[in-house]
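Enquirer: What follows is final03.cif; its format and atoms are mmCIF, C-alpha atoms.
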data_coords
#
loop_
_atom_site.label_atom_id
_atom_site.label_comp_id
_atom_site.auth_asym_id
_atom_site.auth_seq_id
_atom_site.Cartn_x
_atom_site.Cartn_y
_atom_site.Cartn_z
CA MET P 12 -102.60 -23.93 -53.30
CA THR P 13 -100.34 -22.66 -50.53
CA THR P 14 -97.07 -20.79 -50.97
CA PRO P 15 -93.96 -22.10 -49.17
CA SER P 16 -93.09 -20.18 -46.06
CA THR P 17 -89.87 -18.19 -45.96
CA LYS P 18 -87.69 -17.31 -42.96
CA PRO P 19 -87.87 -13.68 -41.92
CA ALA P 20 -84.96 -11.62 -43.21
CA GLY P 21 -84.30 -10.38 -39.67
CA SER P 22 -83.68 -13.94 -38.42
CA THR P 23 -81.13 -14.58 -41.19
CA ARG P 24 -79.31 -11.34 -40.46
CA ARG P 25 -79.25 -12.19 -36.76
CA ARG P 26 -77.60 -15.55 -37.48
CA TYR P 27 -74.92 -13.88 -39.59
CA VAL P 28 -74.31 -11.36 -36.85
CA LEU P 29 -73.96 -14.16 -34.28
CA LEU P 30 -71.58 -16.07 -36.55
CA ILE P 31 -69.43 -13.02 -37.18
CA GLY P 32 -69.46 -12.24 -33.47
CA ALA P 33 -68.32 -15.77 -32.64
CA LEU P 34 -65.51 -15.51 -35.18
CA VAL P 35 -64.44 -12.19 -33.72
CA LEU P 36 -64.40 -13.68 -30.21
CA VAL P 37 -62.37 -16.70 -31.38
CA ALA P 38 -59.92 -14.44 -33.22
CA ALA P 39 -59.61 -12.16 -30.19
CA GLY P 40 -59.07 -15.14 -27.87
CA TRP P 41 -56.50 -16.68 -30.24
CA SER P 42 -54.69 -13.34 -30.53
CA ALA P 43 -54.65 -12.91 -26.76
CA ALA P 44 -53.29 -16.44 -26.34
CA TRP P 45 -50.60 -15.85 -28.99
CA PHE P 46 -49.41 -12.60 -27.43
CA TYR P 47 -49.47 -14.17 -23.97
CA GLY P 48 -47.38 -17.05 -25.32
CA ARG P 49 -45.04 -14.55 -26.92
CA SER P 50 -44.55 -12.85 -23.57
CA GLU P 51 -43.89 -16.19 -21.87
CA LEU P 52 -41.43 -17.17 -24.61
CA ALA P 53 -39.53 -13.91 -24.23
CA GLY P 54 -39.34 -14.52 -20.49
CA GLN P 55 -38.08 -18.07 -21.01
CA ILE P 56 -35.38 -16.84 -23.38
CA ASP P 57 -34.19 -14.39 -20.73
CA LEU P 58 -34.25 -17.15 -18.08
CA GLN P 59 -32.26 -19.54 -20.28
CA LEU P 60 -29.65 -16.90 -21.09
CA ALA P 61 -29.36 -16.06 -17.38
CA GLY P 62 -28.96 -19.77 -16.57
CA LEU P 63 -26.21 -20.14 -19.16
CA SER P 64 -24.49 -17.10 -17.70
CA ARG P 65 -24.48 -18.67 -14.23
CA GLN P 66 -22.82 -21.76 -15.74
CA GLY P 67 -20.09 -19.67 -17.33
CA PHE P 68 -21.57 -19.33 -20.84
CA GLU P 69 -22.41 -15.90 -22.23
CA VAL P 70 -24.72 -15.75 -25.25
CA SER P 71 -25.92 -12.55 -26.94
CA CYS P 72 -27.30 -11.43 -30.27
CA GLN P 73 -28.47 -8.31 -32.05
CA ASP P 74 -32.07 -7.47 -33.02
CA LEU P 75 -33.81 -10.32 -31.21
CA SER P 76 -37.38 -10.54 -32.53
CA ILE P 77 -40.38 -12.83 -32.00
CA ALA P 78 -42.87 -13.02 -34.87
CA GLY P 79 -45.01 -15.64 -36.66
CA TYR P 80 -48.55 -14.57 -35.71
CA PRO P 81 -51.03 -16.25 -35.79
CA PHE P 82 -50.03 -19.94 -36.02
CA ARG P 83 -46.38 -20.13 -34.98
CA TYR P 84 -43.60 -18.47 -33.05
CA GLU P 85 -40.52 -17.41 -35.00
CA VAL P 86 -37.53 -16.21 -33.01
CA ARG P 87 -34.78 -14.56 -35.03
CA CYS P 88 -31.53 -12.91 -34.03
CA HIS P 89 -28.49 -11.63 -35.88
CA ASP P 90 -24.79 -11.62 -35.05
CA VAL P 91 -24.95 -14.33 -32.39
CA VAL P 92 -21.93 -14.34 -30.05
CA SER P 93 -21.17 -16.97 -27.42
CA SER P 94 -18.25 -17.49 -25.05
CA ASN P 95 -17.33 -19.58 -22.03
CA LYS P 96 -15.18 -18.98 -18.98
CA ALA P 97 -12.26 -20.86 -20.60
CA GLY P 98 -12.06 -18.17 -23.30
CA ALA P 99 -13.56 -20.14 -26.19
CA THR P 100 -15.81 -18.01 -28.40
CA GLY P 101 -18.20 -18.58 -31.28
CA THR P 102 -19.99 -16.28 -33.70
CA LEU P 103 -22.86 -16.93 -36.10
CA GLY P 104 -24.45 -14.72 -38.76
CA THR P 105 -28.14 -15.41 -38.05
CA LEU P 106 -30.18 -17.93 -36.11
CA THR P 107 -33.91 -18.56 -36.61
CA ALA P 108 -36.07 -20.87 -34.48
CA VAL P 109 -39.66 -21.77 -35.45
CA ALA P 110 -42.28 -23.71 -33.47
CA LEU P 111 -45.99 -24.16 -34.16
CA ILE P 112 -48.22 -22.65 -31.47
CA TYR P 113 -49.95 -26.00 -30.86
CA ASN P 114 -46.67 -28.01 -30.77
CA PRO P 115 -44.02 -25.89 -29.06
CA TRP P 116 -41.98 -28.99 -28.12
CA HIS P 117 -40.79 -29.41 -31.71
CA VAL P 118 -38.50 -26.59 -32.84
CA ILE P 119 -36.98 -26.08 -36.29
CA PHE P 120 -33.72 -24.12 -36.44
CA GLU P 121 -32.06 -22.51 -39.43
CA ALA P 122 -28.59 -20.98 -39.26
CA GLY P 123 -27.10 -18.44 -41.62
CA GLY P 124 -23.34 -18.18 -41.96
CA PRO P 125 -20.61 -17.49 -41.70
CA ALA P 126 -19.59 -18.94 -38.35
CA ARG P 127 -16.30 -18.80 -36.44
CA LEU P 128 -15.03 -20.74 -33.44
CA THR P 129 -11.87 -19.99 -31.45
CA ASP P 130 -10.41 -21.89 -28.49
CA PRO P 131 -7.22 -20.22 -27.27
CA LEU P 132 -6.72 -22.89 -24.60
CA GLN P 133 -6.36 -25.55 -27.32
CA GLY P 134 -4.88 -23.17 -29.86
CA LEU P 135 -7.69 -23.90 -32.32
CA ALA P 136 -9.61 -21.61 -34.66
CA GLY P 137 -12.14 -22.42 -37.37
CA ASP P 138 -14.15 -20.62 -40.02
CA PHE P 139 -17.27 -22.33 -41.38
CA GLY P 140 -19.68 -21.72 -44.23
CA TRP P 141 -22.58 -23.57 -45.88
CA GLU P 142 -25.34 -23.29 -48.44
CA SER P 143 -28.08 -24.20 -45.96
CA ALA P 144 -28.11 -25.50 -42.38
CA ARG P 145 -31.26 -26.75 -40.66
CA ALA P 146 -31.95 -28.70 -37.50
CA SER P 147 -35.00 -30.26 -35.87
CA LEU P 148 -35.13 -30.48 -32.05
CA LYS P 149 -37.77 -32.42 -30.13
CA MET P 150 -38.10 -31.84 -26.40
CA SER P 151 -38.97 -34.59 -23.95
CA GLU P 152 -39.69 -34.18 -20.21
CA GLY P 153 -37.93 -30.85 -19.92
CA SER P 154 -34.78 -31.75 -21.88
CA LEU P 155 -33.77 -32.44 -25.44
CA GLY P 156 -35.19 -35.73 -26.72
CA ALA P 157 -33.93 -35.95 -30.30
CA LEU P 158 -31.92 -33.89 -32.77
CA ASP P 159 -31.69 -34.07 -36.55
CA ALA P 160 -29.42 -31.70 -38.48
CA VAL P 161 -28.59 -31.44 -42.18
CA VAL P 162 -26.00 -29.08 -43.65
CA SER P 163 -25.78 -28.63 -47.41
CA LYS P 164 -22.45 -27.75 -49.06
CA PRO P 165 -20.47 -27.21 -45.85
CA ASP P 166 -16.91 -25.93 -45.95
CA ALA P 167 -14.41 -25.22 -43.19
CA VAL P 168 -10.96 -23.84 -42.54
CA ILE P 169 -9.53 -25.14 -39.27
CA GLU P 170 -6.20 -23.98 -37.85
CA GLY P 171 -4.36 -25.67 -34.98
CA PRO P 172 -1.05 -25.08 -33.24
CA TYR P 173 0.78 -27.41 -35.62
CA SER P 174 -1.31 -27.65 -38.79
CA ALA P 175 -4.26 -26.29 -40.73
CA GLY P 176 -6.94 -27.92 -42.86
CA LEU P 177 -9.35 -26.85 -45.58
CA PHE P 178 -12.41 -29.04 -46.04
CA ALA P 179 -15.58 -29.11 -48.14
CA ALA P 180 -18.38 -31.63 -48.66
CA ASP P 181 -21.67 -32.05 -50.50
CA LYS P 182 -23.69 -32.77 -47.36
CA ALA P 183 -23.28 -33.44 -43.64
CA GLU P 184 -25.92 -35.05 -41.41
CA VAL P 185 -26.22 -35.65 -37.66
CA HIS P 186 -29.04 -37.61 -36.01
CA LEU P 187 -29.20 -38.11 -32.22
CA ARG P 188 -31.86 -39.96 -30.24
CA GLU P 189 -32.38 -42.29 -27.29
CA ALA P 190 -31.47 -45.83 -28.34
CA PRO P 191 -34.51 -48.13 -28.65
CA ASN P 192 -34.70 -50.70 -25.83
CA LEU P 193 -31.69 -49.08 -24.07
CA PRO P 194 -33.04 -46.42 -21.68
CA GLY P 195 -30.62 -43.56 -21.15
CA ALA P 196 -28.29 -44.59 -23.99
CA LEU P 197 -27.58 -42.03 -26.70
CA GLU P 198 -27.58 -43.33 -30.28
CA SER P 199 -25.92 -41.23 -32.96
CA PHE P 200 -25.84 -41.40 -36.75
CA LEU P 201 -23.31 -39.29 -38.65
CA SER P 202 -22.58 -38.98 -42.36
CA LEU P 203 -20.43 -36.91 -44.69
CA THR P 204 -20.92 -37.11 -48.43
CA ALA P 205 -18.12 -36.35 -50.90
CA LEU P 206 -15.72 -34.84 -48.36
CA LYS P 207 -12.86 -33.07 -50.13
CA LEU P 208 -9.64 -32.42 -48.20
CA LYS P 209 -8.62 -29.29 -50.09
CA SER P 210 -5.55 -28.78 -47.93
CA LEU P 211 -4.24 -32.09 -49.34
CA PRO P 212 -4.25 -31.42 -53.09
CA ASP P 213 -2.45 -34.70 -53.77
CA LEU P 214 -5.46 -36.59 -52.49
CA LYS P 215 -7.59 -36.56 -55.62
CA GLU P 216 -10.46 -38.74 -54.39
CA THR P 217 -13.31 -37.57 -52.17
CA VAL P 218 -14.18 -39.41 -48.96
CA SER P 219 -17.66 -40.44 -47.86
CA LEU P 220 -18.21 -41.40 -44.22
CA ARG P 221 -20.99 -43.08 -42.24
CA ALA P 222 -20.96 -43.86 -38.53
CA GLN P 223 -23.35 -45.17 -35.89
CA SER P 224 -22.56 -45.36 -32.17
CA ARG P 225 -24.23 -45.85 -28.79
CA ILE P 226 -23.08 -44.25 -25.52
CA THR P 227 -24.27 -45.76 -22.25
CA GLY P 228 -25.92 -43.01 -20.21
CA GLY P 229 -25.29 -40.61 -23.08
CA MET P 230 -28.73 -39.00 -22.83
CA GLY P 231 -27.24 -37.04 -19.94
CA LEU P 232 -25.57 -34.90 -22.60
CA PHE P 233 -29.06 -33.73 -23.62
CA ALA P 234 -29.75 -32.73 -20.02
CA GLY P 235 -26.67 -30.47 -19.89
CA ALA P 236 -23.92 -32.82 -18.68
CA ASN P 237 -20.54 -32.91 -20.42
CA THR P 238 -18.43 -35.96 -21.29
CA ALA P 239 -16.25 -35.66 -18.19
CA GLN P 240 -19.34 -35.66 -15.96
CA LEU P 241 -20.74 -38.75 -17.72
CA VAL P 242 -17.46 -40.60 -17.17
CA GLN P 243 -17.45 -39.64 -13.49
CA ALA P 244 -21.09 -40.71 -13.08
CA ASN P 245 -20.23 -44.09 -14.64
CA ASP P 246 -17.49 -44.94 -12.10
CA GLY P 247 -14.67 -43.55 -14.24
CA GLU P 248 -15.29 -45.56 -17.43
CA LEU P 249 -17.83 -44.67 -20.09
CA PRO P 250 -18.66 -47.49 -22.55
CA VAL P 251 -19.04 -46.53 -26.20
CA GLU P 252 -20.22 -49.04 -28.79
CA LEU P 253 -19.12 -48.30 -32.34
CA VAL P 254 -21.91 -50.05 -34.22
CA LEU P 255 -20.71 -49.00 -37.67
CA PHE P 256 -17.98 -46.97 -39.27
CA GLU P 257 -17.63 -46.93 -43.04
CA ALA P 258 -15.32 -44.84 -45.18
CA THR P 259 -15.15 -45.04 -48.95
CA LEU P 260 -12.23 -43.54 -50.84
CA GLY P 261 -12.27 -44.08 -54.57
CA GLU P 262 -12.43 -47.83 -55.20
CA SER P 263 -11.45 -48.76 -51.63
CA ARG P 264 -13.54 -49.14 -48.51
CA VAL P 265 -12.77 -49.27 -44.78
CA ASN P 266 -15.23 -50.61 -42.19
CA ALA P 267 -14.92 -50.84 -38.42
CA ALA P 268 -16.98 -51.86 -35.39
CA GLY P 269 -16.15 -52.59 -31.79
CA ASP P 270 -16.35 -51.62 -28.13
CA LEU P 271 -14.50 -48.66 -26.66
CA VAL P 272 -14.16 -47.04 -23.24
CA VAL P 273 -13.54 -43.40 -22.31
CA SER P 274 -11.51 -43.19 -19.08
CA GLY P 275 -11.34 -40.46 -16.47
CA ASP P 276 -8.40 -38.74 -18.18
CA GLY P 277 -10.37 -38.40 -21.42
CA MET P 278 -8.40 -41.09 -23.26
CA LEU P 279 -10.00 -43.73 -25.48
CA SER P 280 -9.23 -47.44 -25.24
CA GLY P 281 -10.68 -50.60 -26.74
CA THR P 282 -10.62 -52.95 -29.71
CA LEU P 283 -12.02 -52.59 -33.22
CA ASP P 284 -12.68 -55.12 -35.94
CA LEU P 285 -11.34 -53.30 -39.02
CA THR P 286 -11.79 -54.47 -42.60
CA VAL P 287 -10.15 -53.00 -45.69
CA GLY P 288 -11.64 -53.58 -49.11
CA ASN P 289 -9.35 -53.24 -52.14
CA ALA P 290 -6.29 -52.50 -49.99
CA ASP P 291 -3.96 -51.99 -52.99
CA ALA P 292 -6.13 -49.15 -54.32
CA LEU P 293 -6.26 -47.57 -50.84
CA LEU P 294 -2.47 -47.56 -50.46
CA GLU P 295 -2.01 -46.21 -53.97
CA THR P 296 -4.44 -43.36 -53.22
CA LEU P 297 -2.71 -42.52 -49.92
CA LYS P 298 0.85 -42.83 -51.25
CA PRO P 299 1.24 -39.14 -52.29
CA LEU P 300 0.43 -38.06 -48.72
CA PHE P 301 3.50 -39.71 -47.18
CA PRO P 302 6.99 -38.19 -47.40
CA PRO P 303 9.48 -40.33 -49.37
CA GLN P 304 11.53 -41.04 -46.23
CA ASP P 305 8.47 -42.09 -44.16
CA SER P 306 8.42 -45.86 -43.60
CA SER P 307 4.84 -46.03 -42.22
CA LEU P 308 3.25 -46.71 -45.60
CA ALA P 309 5.76 -49.47 -46.39
CA LEU P 310 5.12 -51.10 -43.00
CA LEU P 311 1.36 -50.95 -43.53
CA ASP P 312 1.80 -52.37 -47.01
CA GLY P 313 3.79 -55.25 -45.54
CA VAL P 314 1.11 -55.98 -42.96
CA LEU P 315 -1.66 -55.96 -45.57
CA LYS P 316 0.30 -58.20 -47.95
CA SER P 317 0.97 -60.70 -45.17
CA LEU P 318 -2.79 -60.93 -44.61
CA GLU P 319 -3.74 -61.29 -48.27
CA PRO P 320 -4.10 -65.12 -47.97
CA THR P 321 -6.88 -64.54 -45.44
CA ALA P 322 -8.79 -62.10 -47.69
CA GLN P 323 -12.46 -62.77 -48.38
CA GLU P 324 -14.74 -61.61 -51.16
CA ILE P 325 -17.39 -59.23 -49.74
CA ASP P 326 -19.75 -57.67 -52.27
CA GLY P 327 -17.28 -58.59 -54.98
CA VAL P 328 -14.37 -56.79 -53.28
CA SER P 329 -11.28 -58.50 -51.83
CA THR P 330 -11.44 -57.63 -48.13
CA ILE P 331 -8.82 -58.04 -45.39
CA ALA P 332 -9.63 -58.14 -41.67
CA LEU P 333 -7.34 -56.22 -39.29
CA PRO P 334 -7.66 -56.27 -35.48
CA VAL P 335 -7.04 -52.76 -34.13
CA GLN P 336 -5.99 -52.05 -30.55
CA ILE P 337 -6.44 -48.63 -28.92
CA ASP P 338 -4.55 -48.19 -25.64
CA HIS P 339 -5.08 -44.77 -24.04
CA GLY P 340 -5.34 -43.15 -27.44
CA LEU P 341 -2.45 -45.04 -29.08
CA VAL P 342 -3.77 -46.86 -32.17
CA ARG P 343 -1.97 -50.03 -33.29
CA ILE P 344 -2.40 -52.84 -35.78
CA GLY P 345 -0.37 -55.60 -34.19
CA LEU P 346 2.94 -53.93 -33.35
CA LEU P 347 2.52 -51.22 -35.99
CA PRO P 348 1.51 -47.85 -34.46
CA LEU P 349 -0.92 -45.84 -36.60
CA GLY P 350 -1.17 -42.66 -34.54
CA GLN P 351 -2.40 -41.06 -31.35
CA ILE P 352 -6.00 -40.02 -30.63
CA PRO P 353 -5.98 -36.85 -28.45
CA PRO P 354 -7.99 -36.82 -25.19
CA LEU P 355 -11.68 -36.10 -25.57
CA PHE P 356 -11.50 -33.68 -22.64
CA LEU P 357 -8.89 -32.33 -20.27
CA ALA P 358 -8.52 -34.32 -17.05
CA GLY P 359 -10.07 -32.52 -14.11
CA THR P 360 -12.59 -30.51 -16.16
#
Would it be possible to restate this file's structure as structure tokens?
Expert:
Amino acid sequence: MTTPSTKPAGSTRRRYVLLIGALVLVAAGWSAAWFYGRSELAGQIDLQLAGLSRQGFEVSCQDLSIAGYPFRYEVRCHDVVSSNKAGATGTLGTLTAVALIYNPWHVIFEAGGPARLTDPLQGLAGDFGWESARASLKMSEGSLGALDAVVSKPDAVIEGPYSAGLFAADKAEVHLREAPNLPGALESFLSLTALKLKSLPDLKETVSLRAQSRITGGMGLFAGANTAQLVQANDGELPVELVLFEATLGESRVNAAGDLVVSGDGMLSGTLDLTVGNADALLETLKPLFPPQDSSLALLDGVLKSLEPTAQEIDGVSTIALPVQIDHGLVRIGLLPLGQIPPLFLAGT
């Protein structure tokens, strides 16, 4: 009989040494790559801040740090302050950005409140808070390609030159992307769940909103253009398609869709197909918001009652169709004015 041969102990030890050595080399190479990337990231942050400064935007924060070794980069700063040459300023408690080392084109942001915005030129000021606020940004060919943001339990106090508002909601969402099959068009999805207008205590019901729109050439906003520049680049008229707008208030529902145009002076024009479900409940809910001497509600009630014979049942709800005209910001249903939409930007900016 022969005994089975065994590998020399020295050979086994040598293999372990080689394996450990390889792991050490990989770890050292990975560490060197991470710290090199960290250095490049810090340089890019400085370049971006310098670029914003040249464009009239100043951004600064306290205690800027870059961590996350070994598999990600985590940039964190406190007391973020931004301002522009027009005098508008914004502050934010904390801002954290995280990207995986092998996918730096996808960045996750988390913001910690409170936040404050002031615009002395418009006479506006706002204070904002939330339970959590997160956003996902995907880069594409050197510019922003898509954005998804979700804010839980947002609240806001906004003060203007003539009025102030106090708002709160369960959740707010924003989703922006390039529209499928429409190169260069920006598609947006917005929603607000259980919005409470606290500054209007007589309005007992909460409002939930959903909206979808497409802006021709709107992806230019992701590349740094503003609305005025998009209008100018589109021969003075920027088409906006309102694919969906839906507002629910108690037992009533308002839907709208249509085509709009933003002109060179920042004013909005176009037509909307508006439908009102359970109009009687809507007017009853809104009644406490109108002063006794205001005739607007009575006029609207008259218009809706005149259209009742044309009402249709949609999802079991009596629904009335109303054509809405917007002429340089002035909103009308027939001859009944509903209000004025302010310009989206100041002419000449």
Enquirer: Which neighbours of segment 298-311 of chain P fall inside 12 Å, counting all atoms listed in the file, when residues of the same chain fewer than 2 positions from it are skipped, and could you give them as a ChimeraX atom specification?
Expert: /P:208,210-216,287,290-296,313-318,333,343-350
Enquirer: Please report as a Markdown table every residue of segment 112-176 of chain P lying within 12 Å of segment 218-230 of chain P, along with the nearest atom pair and their distance in Å (one decimal), using all atoms listed in the file.
Expert:
| residue | atom | partner | partner_atom | distance |
| --- | --- | --- | --- | --- |
| P:Ser151 | CA | P:Met230 | CA | 11.2 |
| P:Ser154 | CA | P:Met230 | CA | 9.5 |
| P:Leu155 | CA | P:Met230 | CA | 8.7 |
| P:Gly156 | CA | P:Met230 | CA | 8.2 |
| P:Ala157 | CA | P:Met230 | CA | 9.6 |
| P:Leu158 | CA | P:Met230 | CA | 11.6 |
Enquirer: Using the chain letters and residue numbers of this document, give as a list in words the residues selected by the PyMOL selection byres ((chain P and resi 103) around 7).
Expert: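 When the PyMOL selection byres ((chain P and resi 103) around 7) is applied to the shown file, the picked residues are Asp90, Val91, Val92, Gly101, Thr102, Gly104, Thr105, Gly124, Pro125, Ala126 and Arg127 of chain P.
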Enquirer: For Trp41 of chain P, which residue among P:Arg83, P:Arg25, P:His117, P:Arg65 is the nearest when counting all atoms listed in the file?
Expert: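 Looking at the shortest contact to Trp41 of chain P, the residue is P:Arg83.
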Enquirer: Distance atom CA of Arg145 of chain P-atom CA of Glu252 of chain P, one decimal place?
Expert: 27.6 Å
Enquirer: I need the output of the PyMOL selection byres ((chain P and resi 164-167) around 7) for this file as a ChimeraX atom specification; which residues are they?
Expert: /P:137-142,162-163,168-169,177-182
Enquirer: For this file, the PyMOL selection byres ((chain P and resi 71) around 12) selects which residues, as a PDB file with C-alpha atoms, keeping the file's coordinate frame?
Expert:
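Output below, filename result11.pdb:
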ATOM      1  CA  ILE P  56     -35.380 -16.840 -23.380  1.00  0.00           C
ATOM      2  CA  ASP P  57     -34.190 -14.390 -20.730  1.00  0.00           C
ATOM      3  CA  GLN P  59     -32.260 -19.540 -20.280  1.00  0.00           C
ATOM      4  CA  LEU P  60     -29.650 -16.900 -21.090  1.00  0.00           C
ATOM      5  CA  ALA P  61     -29.360 -16.060 -17.380  1.00  0.00           C
ATOM      6  CA  LEU P  63     -26.210 -20.140 -19.160  1.00  0.00           C
ATOM      7  CA  SER P  64     -24.490 -17.100 -17.700  1.00  0.00           C
ATOM      8  CA  PHE P  68     -21.570 -19.330 -20.840  1.00  0.00           C
ATOM      9  CA  GLU P  69     -22.410 -15.900 -22.230  1.00  0.00           C
ATOM     10  CA  VAL P  70     -24.720 -15.750 -25.250  1.00  0.00           C
ATOM     11  CA  CYS P  72     -27.300 -11.430 -30.270  1.00  0.00           C
ATOM     12  CA  GLN P  73     -28.470  -8.310 -32.050  1.00  0.00           C
ATOM     13  CA  ASP P  74     -32.070  -7.470 -33.020  1.00  0.00           C
ATOM     14  CA  LEU P  75     -33.810 -10.320 -31.210  1.00  0.00           C
ATOM     15  CA  CYS P  88     -31.530 -12.910 -34.030  1.00  0.00           C
ATOM     16  CA  HIS P  89     -28.490 -11.630 -35.880  1.00  0.00           C
ATOM     17  CA  ASP P  90     -24.790 -11.620 -35.050  1.00  0.00           C
ATOM     18  CA  VAL P  91     -24.950 -14.330 -32.390  1.00  0.00           C
ATOM     19  CA  VAL P  92     -21.930 -14.340 -30.050  1.00  0.00           C
ATOM     20  CA  SER P  93     -21.170 -16.970 -27.420  1.00  0.00           C
ATOM     21  CA  SER P  94     -18.250 -17.490 -25.050  1.00  0.00           C
ATOM     22  CA  THR P 100     -15.810 -18.010 -28.400  1.00  0.00           C
ATOM     23  CA  GLY P 101     -18.200 -18.580 -31.280  1.00  0.00           C
ATOM     24  CA  THR P 102     -19.990 -16.280 -33.700  1.00  0.00           C
ATOM     25  CA  LEU P 103     -22.860 -16.930 -36.100  1.00  0.00           C
ATOM     26  CA  THR P 105     -28.140 -15.410 -38.050  1.00  0.00           C
ATOM     27  CA  LEU P 106     -30.180 -17.930 -36.110  1.00  0.00           C
TER      28      LEU P 106
END
Enquirer: Go through P:Glu198, P:Glu189, P:Glu85, P:Asp130 and flag the residue nearest Glu170 of chain P, using all atoms listed in the file for the distances.
Expert: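 Looking only at the distances to Glu170 of chain P, the closest residue turns out to be P:Asp130.
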Enquirer: Would you mind telling me which residue in P:Val254, P:Ala183, P:Ile325, P:Ala332 lies nearest to Leu285 of chain P when using all atoms listed in the file?
Expert: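 Among the listed residues, the smallest separation from Leu285 of chain P belongs to P:Ala332.
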Enquirer: Atom CA of Gly269 of chain P and atom CA of Lys207 of chain P, how far apart in Å?
Expert: 27.0 Å
Enquirer: P:Ser202, P:Asn245, P:Ser42, P:Asn266: which is nearest Ile331 of chain P, counting all atoms listed in the file?
Expert: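 Closest candidate: P:Asn266.
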Enquirer: Between atom CA of Ala144 of chain P and atom CA of Leu206 of chain P, what distance in Å does the model show, to one decimal?
Expert: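 Atom-to-atom, atom CA of Ala144 of chain P and atom CA of Leu206 of chain P are spaced 16.6 Å apart.
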Enquirer: Skipping near chain neighbours, those fewer than 3 positions away, what residues fall within 12 Å of Tyr173 of chain P using all atoms listed in the file, listed as an MDAnalysis selection string?
Expert: chainID P and resid 133:136 169:170 176
Enquirer: Do you know which residues are at most 12 Å from Gly48 of chain P counting all atoms listed in the file, after dropping those on the same chain fewer than 5 positions away, and could you put them as a ChimeraX atom specification?
Expert: /P:41-43,53-55,77-85,110-113,115
